[in-house]
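> Sharing data-v7.pdb here; it has PDB, C-alpha atoms and all ligand atoms.
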```
ATOM      1  CA  MET A   1      -3.318-107.817 -39.746  1.00  0.00           C
ATOM      2  CA  ILE A   2       0.411-107.630 -40.541  1.00  0.00           C
ATOM      3  CA  LEU A   3       1.146-105.431 -37.505  1.00  0.00           C
ATOM      4  CA  TRP A   4      -0.800-107.862 -35.356  1.00  0.00           C
ATOM      5  CA  LEU A   5       1.036-110.936 -36.707  1.00  0.00           C
ATOM      6  CA  GLN A   6       4.336-109.107 -36.129  1.00  0.00           C
ATOM      7  CA  ASN A   7       3.338-108.521 -32.471  1.00  0.00           C
ATOM      8  CA  LYS A   8       3.529-104.744 -32.915  1.00  0.00           C
ATOM      9  CA  VAL A   9      -0.033-104.069 -31.738  1.00  0.00           C
ATOM     10  CA  ASP A  10      -2.537-105.291 -29.174  1.00  0.00           C
ATOM     11  CA  VAL A  11      -5.991-105.932 -30.551  1.00  0.00           C
ATOM     12  CA  LEU A  12      -8.597-104.333 -28.291  1.00  0.00           C
ATOM     13  CA  GLU A  13     -11.726-104.995 -30.387  1.00  0.00           C
ATOM     14  CA  PHE A  14     -12.590-107.278 -33.286  1.00  0.00           C
ATOM     15  CA  HIS A  15     -14.997-106.971 -36.193  1.00  0.00           C
ATOM     16  CA  SER A  16     -17.530-109.770 -36.525  1.00  0.00           C
ATOM     17  CA  VAL A  17     -16.165-110.408 -40.036  1.00  0.00           C
ATOM     18  CA  GLN A  18     -13.688-113.272 -40.431  1.00  0.00           C
ATOM     19  CA  VAL A  19     -10.918-113.748 -42.956  1.00  0.00           C
ATOM     20  CA  ARG A  20      -9.682-117.222 -43.822  1.00  0.00           C
ATOM     21  CA  SER A  21      -6.328-118.568 -44.837  1.00  0.00           C
ATOM     22  CA  ALA A  22      -5.855-122.178 -45.987  1.00  0.00           C
ATOM     23  CA  SER A  23      -5.526-123.414 -42.429  1.00  0.00           C
ATOM     24  CA  ALA A  24      -6.980-120.774 -40.119  1.00  0.00           C
ATOM     25  CA  ALA A  25      -9.643-118.126 -39.657  1.00  0.00           C
ATOM     26  CA  PHE A  26      -9.222-114.757 -37.966  1.00  0.00           C
ATOM     27  CA  HIS A  27     -11.632-112.096 -36.899  1.00  0.00           C
ATOM     28  CA  LEU A  28     -10.539-108.780 -38.399  1.00  0.00           C
ATOM     29  CA  PRO A  29      -9.176-106.339 -35.813  1.00  0.00           C
ATOM     30  CA  SER A  30     -11.313-103.234 -35.326  1.00  0.00           C
ATOM     31  CA  VAL A  31      -9.383-101.294 -32.660  1.00  0.00           C
ATOM     32  CA  LEU A  32      -5.608-101.585 -32.230  1.00  0.00           C
ATOM     33  CA  ARG A  33      -3.172-100.218 -29.699  1.00  0.00           C
ATOM     34  CA  LEU A  34       0.378 -99.692 -30.928  1.00  0.00           C
ATOM     35  CA  ARG A  35       2.940-101.215 -28.562  1.00  0.00           C
ATOM     36  CA  LYS A  36       5.422 -98.517 -29.481  1.00  0.00           C
ATOM     37  CA  TYR A  37       4.504 -94.966 -30.541  1.00  0.00           C
ATOM     38  CA  ILE A  38       5.400 -94.263 -34.147  1.00  0.00           C
ATOM     39  CA  ARG A  39       6.080 -90.607 -34.759  1.00  0.00           C
ATOM     40  CA  PRO A  40       4.388 -89.569 -38.014  1.00  0.00           C
ATOM     41  CA  ASN A  41       6.682 -88.083 -40.605  1.00  0.00           C
ATOM     42  CA  PHE A  42       4.879 -84.792 -41.240  1.00  0.00           C
ATOM     43  CA  SER A  43       7.610 -83.465 -43.523  1.00  0.00           C
ATOM     44  CA  SER A  44       6.390 -85.733 -46.310  1.00  0.00           C
ATOM     45  CA  VAL A  45       2.713 -84.869 -45.879  1.00  0.00           C
ATOM     46  CA  VAL A  46       1.004 -82.689 -48.446  1.00  0.00           C
ATOM     47  CA  VAL A  47      -2.393 -81.640 -47.168  1.00  0.00           C
ATOM     48  CA  LYS A  48      -4.947 -81.473 -49.967  1.00  0.00           C
ATOM     49  CA  LEU A  49      -6.920 -78.241 -50.171  1.00  0.00           C
ATOM     50  CA  SER A  50     -10.545 -79.269 -49.726  1.00  0.00           C
ATOM     51  CA  ARG A  51     -13.517 -77.680 -47.936  1.00  0.00           C
ATOM     52  CA  GLN A  52     -13.299 -80.254 -45.167  1.00  0.00           C
ATOM     53  CA  ASN A  53      -9.546 -79.812 -44.644  1.00  0.00           C
ATOM     54  CA  LEU A  54      -9.871 -76.013 -44.732  1.00  0.00           C
ATOM     55  CA  PHE A  55     -12.559 -76.078 -42.029  1.00  0.00           C
ATOM     56  CA  LEU A  56     -10.362 -78.397 -39.949  1.00  0.00           C
ATOM     57  CA  ARG A  57      -7.403 -76.018 -40.315  1.00  0.00           C
ATOM     58  CA  ASP A  58      -9.578 -73.097 -39.228  1.00  0.00           C
ATOM     59  CA  ASN A  59     -11.164 -75.140 -36.418  1.00  0.00           C
ATOM     60  CA  HIS A  60     -14.656 -74.611 -37.884  1.00  0.00           C
ATOM     61  CA  THR A  61     -14.274 -70.940 -36.962  1.00  0.00           C
ATOM     62  CA  CYS A  62     -15.269 -68.029 -39.206  1.00  0.00           C
ATOM     63  CA  GLN A  63     -12.036 -66.113 -39.729  1.00  0.00           C
ATOM     64  CA  TYR A  64     -13.906 -62.789 -39.719  1.00  0.00           C
ATOM     65  CA  CYS A  65     -16.372 -62.872 -36.790  1.00  0.00           C
ATOM     66  CA  GLY A  66     -14.538 -65.605 -34.836  1.00  0.00           C
ATOM     67  CA  ASP A  67     -17.638 -67.728 -34.135  1.00  0.00           C
ATOM     68  CA  ARG A  68     -17.644 -71.534 -34.550  1.00  0.00           C
ATOM     69  CA  PHE A  69     -20.086 -73.138 -36.970  1.00  0.00           C
ATOM     70  CA  PRO A  70     -21.053 -76.606 -38.176  1.00  0.00           C
ATOM     71  CA  GLU A  71     -19.585 -77.501 -41.570  1.00  0.00           C
ATOM     72  CA  LYS A  72     -22.768 -76.832 -43.510  1.00  0.00           C
ATOM     73  CA  ALA A  73     -22.974 -73.242 -42.237  1.00  0.00           C
ATOM     74  CA  LEU A  74     -19.420 -72.423 -43.373  1.00  0.00           C
ATOM     75  CA  THR A  75     -18.242 -71.188 -46.750  1.00  0.00           C
ATOM     76  CA  VAL A  76     -14.835 -70.974 -48.415  1.00  0.00           C
ATOM     77  CA  ASP A  77     -13.742 -67.343 -48.714  1.00  0.00           C
ATOM     78  CA  HIS A  78     -10.977 -66.274 -51.074  1.00  0.00           C
ATOM     79  CA  VAL A  79      -9.242 -63.503 -49.105  1.00  0.00           C
ATOM     80  CA  HIS A  80      -8.042 -61.850 -52.309  1.00  0.00           C
ATOM     81  CA  PRO A  81     -11.117 -62.443 -54.529  1.00  0.00           C
ATOM     82  CA  VAL A  82     -10.711 -64.830 -57.482  1.00  0.00           C
ATOM     83  CA  SER A  83     -12.354 -62.184 -59.718  1.00  0.00           C
ATOM     84  CA  LYS A  84      -9.435 -59.880 -58.859  1.00  0.00           C
ATOM     85  CA  GLY A  85      -6.733 -62.451 -59.538  1.00  0.00           C
ATOM     86  CA  GLY A  86      -6.724 -64.255 -56.193  1.00  0.00           C
ATOM     87  CA  GLN A  87      -5.692 -67.894 -56.336  1.00  0.00           C
ATOM     88  CA  HIS A  88      -7.315 -71.009 -54.900  1.00  0.00           C
ATOM     89  CA  ILE A  89      -4.364 -71.851 -52.637  1.00  0.00           C
ATOM     90  CA  TRP A  90      -4.049 -72.472 -48.892  1.00  0.00           C
ATOM     91  CA  THR A  91      -2.601 -69.022 -48.230  1.00  0.00           C
ATOM     92  CA  ASN A  92      -5.587 -67.303 -49.911  1.00  0.00           C
ATOM     93  CA  VAL A  93      -8.545 -69.222 -48.467  1.00  0.00           C
ATOM     94  CA  VAL A  94     -10.255 -69.077 -45.080  1.00  0.00           C
ATOM     95  CA  ALA A  95     -13.422 -70.451 -43.492  1.00  0.00           C
ATOM     96  CA  ALA A  96     -16.161 -67.819 -43.315  1.00  0.00           C
ATOM     97  CA  CYS A  97     -19.767 -67.945 -42.154  1.00  0.00           C
ATOM     98  CA  GLY A  98     -22.434 -67.039 -44.720  1.00  0.00           C
ATOM     99  CA  PRO A  99     -23.199 -63.544 -43.358  1.00  0.00           C
ATOM    100  CA  CYS A 100     -19.495 -62.567 -43.178  1.00  0.00           C
ATOM    101  CA  ASN A 101     -18.834 -63.929 -46.687  1.00  0.00           C
ATOM    102  CA  ASN A 102     -21.843 -61.956 -48.010  1.00  0.00           C
ATOM    103  CA  LYS A 103     -20.702 -58.789 -46.247  1.00  0.00           C
ATOM    104  CA  LYS A 104     -17.197 -59.129 -47.684  1.00  0.00           C
ATOM    105  CA  GLY A 105     -18.572 -59.902 -51.140  1.00  0.00           C
ATOM    106  CA  ASP A 106     -16.131 -59.331 -53.954  1.00  0.00           C
ATOM    107  CA  MET A 107     -13.746 -57.187 -51.910  1.00  0.00           C
ATOM    108  CA  THR A 108     -10.479 -57.647 -50.090  1.00  0.00           C
ATOM    109  CA  PRO A 109     -10.736 -57.570 -46.270  1.00  0.00           C
ATOM    110  CA  GLU A 110      -9.278 -54.041 -46.286  1.00  0.00           C
ATOM    111  CA  GLN A 111     -11.860 -52.798 -48.815  1.00  0.00           C
ATOM    112  CA  ALA A 112     -14.667 -54.419 -46.796  1.00  0.00           C
ATOM    113  CA  GLY A 113     -13.299 -53.030 -43.507  1.00  0.00           C
ATOM    114  CA  MET A 114     -12.977 -56.553 -42.092  1.00  0.00           C
ATOM    115  CA  ARG A 115     -10.045 -58.106 -40.270  1.00  0.00           C
ATOM    116  CA  LEU A 116      -8.852 -61.693 -40.482  1.00  0.00           C
ATOM    117  CA  LYS A 117      -8.467 -63.481 -37.147  1.00  0.00           C
ATOM    118  CA  LYS A 118      -5.362 -65.272 -38.475  1.00  0.00           C
ATOM    119  CA  ARG A 119      -3.237 -65.092 -41.607  1.00  0.00           C
ATOM    120  CA  PRO A 120      -4.020 -68.214 -43.674  1.00  0.00           C
ATOM    121  CA  VAL A 121      -1.130 -70.685 -43.870  1.00  0.00           C
ATOM    122  CA  GLN A 122      -0.321 -73.899 -45.690  1.00  0.00           C
ATOM    123  CA  PRO A 123      -0.902 -76.589 -43.043  1.00  0.00           C
ATOM    124  CA  LYS A 124       1.849 -79.144 -42.464  1.00  0.00           C
ATOM    125  CA  TRP A 125      -0.654 -81.636 -41.081  1.00  0.00           C
ATOM    126  CA  LEU A 126      -4.262 -81.799 -39.955  1.00  0.00           C
ATOM    127  CA  PRO A 127      -5.888 -83.567 -37.034  1.00  0.00           C
ATOM    128  CA  SER A 128      -7.486 -86.762 -38.265  1.00  0.00           C
ATOM    129  CA  LYS A 129     -11.186 -86.668 -38.940  1.00  0.00           C
ATOM    130  CA  GLU A 130     -11.884 -88.544 -35.718  1.00  0.00           C
ATOM    131  CA  PHE A 131     -11.314 -85.271 -33.917  1.00  0.00           C
ATOM    132  CA  SER A 132     -14.400 -83.840 -35.543  1.00  0.00           C
ATOM    133  CA  TYR A 133     -16.711 -86.845 -35.342  1.00  0.00           C
ATOM    134  CA  SER A 134     -20.173 -85.698 -34.503  1.00  0.00           C
ATOM    135  CA  ARG A 135     -22.831 -87.827 -32.814  1.00  0.00           C
ATOM    136  CA  ASN A 136     -24.458 -88.741 -36.096  1.00  0.00           C
ATOM    137  CA  SER A 137     -21.283 -89.597 -38.016  1.00  0.00           C
ATOM    138  CA  HIS A 138     -20.955 -93.154 -39.256  1.00  0.00           C
ATOM    139  CA  CYS A 139     -18.202 -94.751 -37.223  1.00  0.00           C
ATOM    140  CA  PRO A 140     -18.345 -98.359 -36.060  1.00  0.00           C
ATOM    141  CA  SER A 141     -20.098 -98.659 -32.709  1.00  0.00           C
ATOM    142  CA  ASP A 142     -17.103-100.421 -31.109  1.00  0.00           C
ATOM    143  CA  TRP A 143     -14.967 -97.314 -31.785  1.00  0.00           C
ATOM    144  CA  GLU A 144     -17.330 -95.150 -29.728  1.00  0.00           C
ATOM    145  CA  PRO A 145     -15.662 -95.653 -26.312  1.00  0.00           C
ATOM    146  CA  TYR A 146     -12.278 -94.692 -27.824  1.00  0.00           C
ATOM    147  CA  LEU A 147     -13.560 -91.572 -29.615  1.00  0.00           C
ATOM    148  CA  ALA A 148     -15.881 -90.203 -26.931  1.00  0.00           C
ATOM    149  CA  HIS A 149     -13.234 -87.914 -25.439  1.00  0.00           C
ATOM    150  CA  LEU A 150     -12.302 -86.600 -28.893  1.00  0.00           C
ATOM    151  CA  ARG A 151     -15.746 -85.257 -29.758  1.00  0.00           C
ATOM    152  CA  LYS A 152     -15.298 -81.537 -30.278  1.00  0.00           C
ATOM    153  CA  ALA A 153     -17.359 -80.709 -33.341  1.00  0.00           C
ATOM    154  CA  PRO A 154     -20.035 -78.101 -32.839  1.00  0.00           C
TER     155      PRO A 154
HETATM  156 ZN    ZN A 201     -18.563 -64.807 -39.572  1.00  0.00          ZN
END
```
How would this structure read if it were set down as structure tokens?

Amino acid sequence: MILWLQNKVDVLEFHSVQVRSASAAFHLPSVLRLRKYIRPNFSSVVVKLSRQNLFLRDNHTCQYCGDRFPEKALTVDHVHPVSKGGQHIWTNVVAACGPCNNKKGDMTPEQAGMRLKKRPVQPKWLPSKEFSYSRNSHCPSDWEPYLAHLRKAP
């Protein structure tokens, strides 16, 4: 609302919900277009280590067999097993499919004779969740036309 009142955005869609001030009523904006691109300051971003963020970093791809999977078919693998002192940190976790995680078990990739597709890194940023919206995700219907080209989730 503030960006809109400051003329920094164009409102492309509105929610049906209204907000009221003492003298006026506004429909809440639903889709905005920035008039000037604002470069995000990634240097101040700390990406939280969560299952969802890990799978986004690894592009929903098992880091052992290289196949893509939906979120529910992926597991979090500790490259250096926790039972052997491995830590739950970005540089020690990768997305793995169930069969690869079972095969690796409680071993390091070397012991299991498996190779990582990529060395795990601490991400500086992640694509927003919109990039992985699936058909059955719950986004407002008036966002659909703007997200259609972003649908990439398996
Ligand atoms: Zn796999």
> Could you write out as a ChimeraX atom specification the residues that the PyMOL selection byres (((not hetatm)) within 6 of (chain A and resi 201)) matches in the shown file?
/A:62,64-65,96-97,100
> Applying 10 Å and all atoms listed in the file, which residues near A:His15 remain after dropping the ones on its own chain fewer than 2 positions away? List them as a PyMOL selection string.
chain A and resi 13+17-18+26-31+140+142
> Calculate how many Å separate atom CA of A:Val45 from atom CA of A:Trp90, rounding to one decimal.
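These atoms are spaced 14.4 Å apart.
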> For atom CA of A:Arg57 and atom CA of A:Ile38, quote the distance in Å rounded to one decimal.
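Taking atom CA of A:Arg57 as the start and atom CA of A:Ile38 as the end point, the length is 23.1 Å.
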> On this structure, which residues satisfy the PyMOL selection byres (((chain A and resi 125) around 12) and not hetatm), written as a ChimeraX atom specification?
/A:40-49,53-54,56-57,121-124,126-129
> What gap, in Å, lies between atom CA of A:Gly105 and atom CA of A:Gln87?
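Result for atom CA of A:Gly105 versus atom CA of A:Gln87: 16.0 Å, one decimal.
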> Translate the PyMOL selection byres (((chain A and resi 73) around 12) and not hetatm), as applied to the file shown, into an explicit residue set as a list in words.
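On the file shown, the PyMOL selection byres (((chain A and resi 73) around 12) and not hetatm) covers Arg51, Phe55, His60, Thr61, Cys62, Asp67, Arg68, Phe69, Pro70, Glu71, Lys72, Leu74, Thr75, Val76, Ala95, Ala96, Cys97, Gly98, Pro99, Cys100, Asn101 and Pro154 of chain A.
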> Restricting the calculation to all atoms listed in the file, which member of A:Val94, A:Asp10, A:Ser141, A:Tyr37 is positioned closest to A:Arg115?
A:Val94
